[in-house]
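Encoded as structure tokens, the structure appears first; notes follow it.
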Amino acid sequence: MNAGDFEPNSGSSAQVVVVGSLHLDILVRASARPRKGETLPGQSWGYKSGGKGGNQAAAAAQFGASVSMVSRVGNDDFGVRLLEHLKSAAVDTQHVSVDVETGSGMSVAIVDAEGDYGAVIVSGANLHLSKAEVDKAERLIARARVLVLQNEVLEVTNLAAAILAKDHGVRVILNAAPARPLGSDLAANVDLLIVNAVEAEMMCGVAVTSLSAATRAAAILSDQFPAVIVTAGGLGLALAVRNEPPYTEAAHPVSMLDTHGAGDAFVGALCARWANGKLLTEAARFANAAAALFVSTPVKQKRAITSDHVMQLLSERS
Ligand code: RIB
């Protein structure tokens, strides 16, 4: 695969379709994450619309793509909030269905003083997003430049979407998060795999403790996928495109406030740039900077981060 073979977009912004999860997140700030059996006082809590799918859709729209979401929420207050959030983020929700039997997905995350977090998700309606709903979105997917998938809906749903996309010549990105075993049918229909250090280790056995280890992991995984990005948090990222030299980007040195959703900001920013005709290396470089801004910006201000801010950070490096 040529990693940058989209024609640059001259007219309207590129179409990105995200098939994936929506969760209403409850974010709790505490000095530390509790150990087993421990109860700790926290400082504050709040709602945040999330789910890896929802976060990636909102980030892709934030960085210039025209985005549609295929997902499922419950017939409840959380579902209303999730839909309102997507609409306010300029994400098309025509293919977000409402499940009258199962509640919306949700998560609880505890963010510690270092900005790291631990979370639990309850998938709810996300696990009822079916192949039938993906099929209903065929015309939408056929018009897209990039389809984005994660591991928070059933694999059979991801597979249906990936096959549809490939049938229509649409690029497929799989952000294989959270880590779970991946079927060979789905793998065969993915153009770009994006994984973090934990997911990379689970998929190829390499402990990603340095950028060179990330490069090794990406190279191994590129036997299976035409292109692979391994994000290694505070270290940076490695990109392997089959038959091309490896590419790495060091992380930007920023002060970390919280990492919650930063991986999703990376994926959303990358797919917006890639769909808009940038080379994959350029898109990865942009996304690396966007993720740096996300981890160093307070939750309520993250939505105000623009492509100009990202370009500014990039220009400070070069
Ligand atoms: O990546 C962060 C996201 O993962 C959260 O929004 C949470 O809902 C989980 O899906």
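Identifiers in the structure tokens: chain A, B, ... in order shown; residue index from 1 per chain; ligand index from 1 in order shown.
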Identify, counting only C-alpha atoms and all ligand atoms, the protein, DNA and RNA residues located within 6 Å of ligand 1, and give them as an NGL selection string.
:A and (23 or 25 or 50-52 or 107 or 260-261 or 264)
Go ahead and save the picked residues with all heavy atoms, as an mmCIF file, in the first residue's frame.
```cif
data_model
loop_
_atom_site.group_PDB
_atom_site.id
_atom_site.type_symbol
_atom_site.label_atom_id
_atom_site.label_comp_id
_atom_site.auth_asym_id
_atom_site.auth_seq_id
_atom_site.Cartn_x
_atom_site.Cartn_y
_atom_site.Cartn_z
ATOM 1 N N HIS A 23 -20.052 5.947 25.123
ATOM 2 C CA HIS A 23 -20.219 5.752 26.572
ATOM 3 C C HIS A 23 -20.373 7.110 27.220
ATOM 4 O O HIS A 23 -19.675 8.053 26.837
ATOM 5 C CB HIS A 23 -18.966 5.142 27.221
ATOM 6 C CG HIS A 23 -18.566 3.800 26.712
ATOM 7 N ND1 HIS A 23 -17.260 3.398 26.647
ATOM 8 C CD2 HIS A 23 -19.301 2.772 26.246
ATOM 9 C CE1 HIS A 23 -17.201 2.162 26.169
ATOM 10 N NE2 HIS A 23 -18.429 1.763 25.903
ATOM 11 N N ASP A 25 -19.086 8.867 30.217
ATOM 12 C CA ASP A 25 -18.016 8.634 31.193
ATOM 13 C C ASP A 25 -18.263 9.446 32.458
ATOM 14 O O ASP A 25 -18.679 10.605 32.386
ATOM 15 C CB ASP A 25 -16.656 9.083 30.622
ATOM 16 C CG ASP A 25 -16.268 8.324 29.357
ATOM 17 O OD1 ASP A 25 -16.745 7.186 29.179
ATOM 18 O OD2 ASP A 25 -15.478 8.871 28.560
ATOM 19 N N GLY A 50 -18.182 10.144 25.964
ATOM 20 C CA GLY A 50 -17.014 9.426 25.466
ATOM 21 C C GLY A 50 -17.377 8.138 24.747
ATOM 22 O O GLY A 50 -18.344 8.075 23.986
ATOM 23 N N GLY A 51 -16.619 7.103 25.087
ATOM 24 C CA GLY A 51 -16.590 5.910 24.258
ATOM 25 C C GLY A 51 -15.509 6.170 23.222
ATOM 26 O O GLY A 51 -15.376 7.308 22.741
ATOM 27 N N LYS A 52 -14.714 5.157 22.917
ATOM 28 C CA LYS A 52 -13.612 5.400 21.974
ATOM 29 C C LYS A 52 -14.153 5.862 20.621
ATOM 30 O O LYS A 52 -13.587 6.762 19.990
ATOM 31 C CB LYS A 52 -12.752 4.150 21.837
ATOM 32 C CG LYS A 52 -12.047 3.808 23.140
ATOM 33 C CD LYS A 52 -11.100 2.672 23.030
ATOM 34 C CE LYS A 52 -10.675 2.181 24.408
ATOM 35 N NZ LYS A 52 -10.041 3.188 25.253
ATOM 36 N N SER A 107 -18.938 4.500 31.461
ATOM 37 C CA SER A 107 -17.686 4.103 32.097
ATOM 38 C C SER A 107 -17.422 4.977 33.311
ATOM 39 O O SER A 107 -17.968 6.082 33.423
ATOM 40 C CB SER A 107 -16.517 4.207 31.104
ATOM 41 O OG SER A 107 -15.899 5.461 31.204
ATOM 42 N N HIS A 260 -6.739 10.714 29.720
ATOM 43 C CA HIS A 260 -8.014 10.096 29.357
ATOM 44 C C HIS A 260 -8.460 10.580 27.975
ATOM 45 O O HIS A 260 -8.627 11.770 27.745
ATOM 46 C CB HIS A 260 -9.075 10.467 30.413
ATOM 47 C CG HIS A 260 -10.331 9.662 30.290
ATOM 48 N ND1 HIS A 260 -11.464 10.166 29.724
ATOM 49 C CD2 HIS A 260 -10.610 8.391 30.637
ATOM 50 C CE1 HIS A 260 -12.405 9.241 29.746
ATOM 51 N NE2 HIS A 260 -11.910 8.149 30.292
ATOM 52 N N GLY A 261 -8.641 9.637 27.053
ATOM 53 C CA GLY A 261 -9.126 9.980 25.710
ATOM 54 C C GLY A 261 -8.036 10.492 24.780
ATOM 55 O O GLY A 261 -8.322 10.804 23.620
ATOM 56 N N ASP A 264 -7.639 8.484 21.682
ATOM 57 C CA ASP A 264 -8.746 8.720 20.733
ATOM 58 C C ASP A 264 -8.535 10.031 19.974
ATOM 59 O O ASP A 264 -8.846 10.124 18.781
ATOM 60 C CB ASP A 264 -10.081 8.768 21.481
ATOM 61 C CG ASP A 264 -10.351 7.478 22.226
ATOM 62 O OD1 ASP A 264 -9.933 6.414 21.724
ATOM 63 O OD2 ASP A 264 -10.944 7.539 23.313
#
```
Counting only C-alpha atoms, what are the residues of stretch 25-144 of chain A within 10 Å of stretch 275-295 of chain A, and for each of them which pair of atoms is the nearest and at what distance in Å, to one decimal? Sort the table by chain and rising number, as a tab-separated table.
```
residue	atom	partner	partner_atom	distance
A:Ala59	CA	A:Ala290	CA	9.5
A:Ala60	CA	A:Ala275	CA	9.7
A:Phe63	CA	A:Ala290	CA	9.1
A:Gly64	CA	A:Asn276	CA	8.2
A:Ala65	CA	A:Asn276	CA	7.4
A:Ser66	CA	A:Ala275	CA	9.7
A:Gly115	CA	A:Val295	CA	8.2
A:Asp116	CA	A:Val295	CA	9.9
A:Ala144	CA	A:Ala275	CA	8.7
```
Any chance you could list, as a PyMOL selection string, the residues in stretch 208-314 of chain A that come up alpha helix (DSSP H) when DSSP is run on the backbone?
chain A and resi 211-221+262-275+280-295+307-314
Need to verify the contact set: A:Ala227, 12 Å, only C-alpha atoms, exclusion of same-chain residues closer than 2 positions in sequence. Can you return it as a ChimeraX atom specification?
/A:1-4,171-174,187,189-195,217-225,229-230,238-247,280-281,284
Can you pull out every residue within 12 Å of A:Asn175, counting only C-alpha atoms, but drop anything in the same chain fewer than 4 positions away, and send it as a short mmCIF file (atom, residue, chain, number, x, y, z; two decimals) with C-alpha atoms, in the first residue's frame?
```cif
data_model
loop_
_atom_site.label_atom_id
_atom_site.label_comp_id
_atom_site.auth_asym_id
_atom_site.auth_seq_id
_atom_site.Cartn_x
_atom_site.Cartn_y
_atom_site.Cartn_z
CA VAL A 18 -16.80 5.92 12.65
CA VAL A 19 -18.53 2.65 13.51
CA GLY A 20 -18.14 2.17 17.23
CA LYS A 52 -13.61 5.40 21.97
CA GLY A 53 -15.85 5.69 18.92
CA GLN A 56 -12.58 9.60 17.78
CA LEU A 147 -13.75 4.04 8.06
CA VAL A 148 -12.63 3.93 11.69
CA LEU A 149 -13.25 0.97 14.01
CA GLN A 150 -12.34 0.14 17.63
CA ASN A 151 -12.80 -2.91 19.88
CA GLU A 152 -15.79 -1.69 21.89
CA VAL A 153 -18.48 -3.23 19.70
CA ASN A 158 -16.61 -4.49 12.93
CA ALA A 179 -6.95 -5.26 23.55
CA ARG A 180 -8.76 -8.47 22.65
CA LEU A 182 -8.42 -10.35 16.70
CA ALA A 187 -7.36 -8.40 10.16
CA VAL A 190 -7.76 -3.56 7.80
CA ASP A 191 -5.42 -1.08 6.05
CA LEU A 192 -4.03 0.65 9.11
CA LEU A 193 -3.77 -0.80 12.61
CA ILE A 194 -3.30 1.63 15.50
CA VAL A 195 -2.35 0.18 18.89
CA ASN A 196 -0.80 1.45 22.09
CA GLU A 199 -2.15 -3.68 22.81
CA ALA A 200 1.01 -4.05 20.72
CA VAL A 228 0.81 -0.13 11.63
CA ILE A 229 1.20 2.66 14.18
CA VAL A 230 2.33 1.82 17.70
CA THR A 231 1.78 4.72 20.08
CA GLY A 263 -5.36 7.95 22.29
CA ASP A 264 -8.75 8.72 20.73
CA ALA A 265 -7.71 12.30 20.00
CA PHE A 266 -4.67 10.83 18.23
CA VAL A 267 -6.80 8.49 16.10
CA GLY A 268 -9.37 11.18 15.26
CA LEU A 270 -4.85 11.23 12.22
CA CYS A 271 -7.87 10.06 10.27
#
```
Mind giving me the straight-line distance from atom CA of A:Ser104 to atom CA of A:Ser44 in Å, one decimal?
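Those two atoms sit 23.3 Å apart.
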If you measure from atom CA of A:Lys87 to atom CA of A:Val146, what distance in Å do you get, rounded to one decimal?
20.1 Å
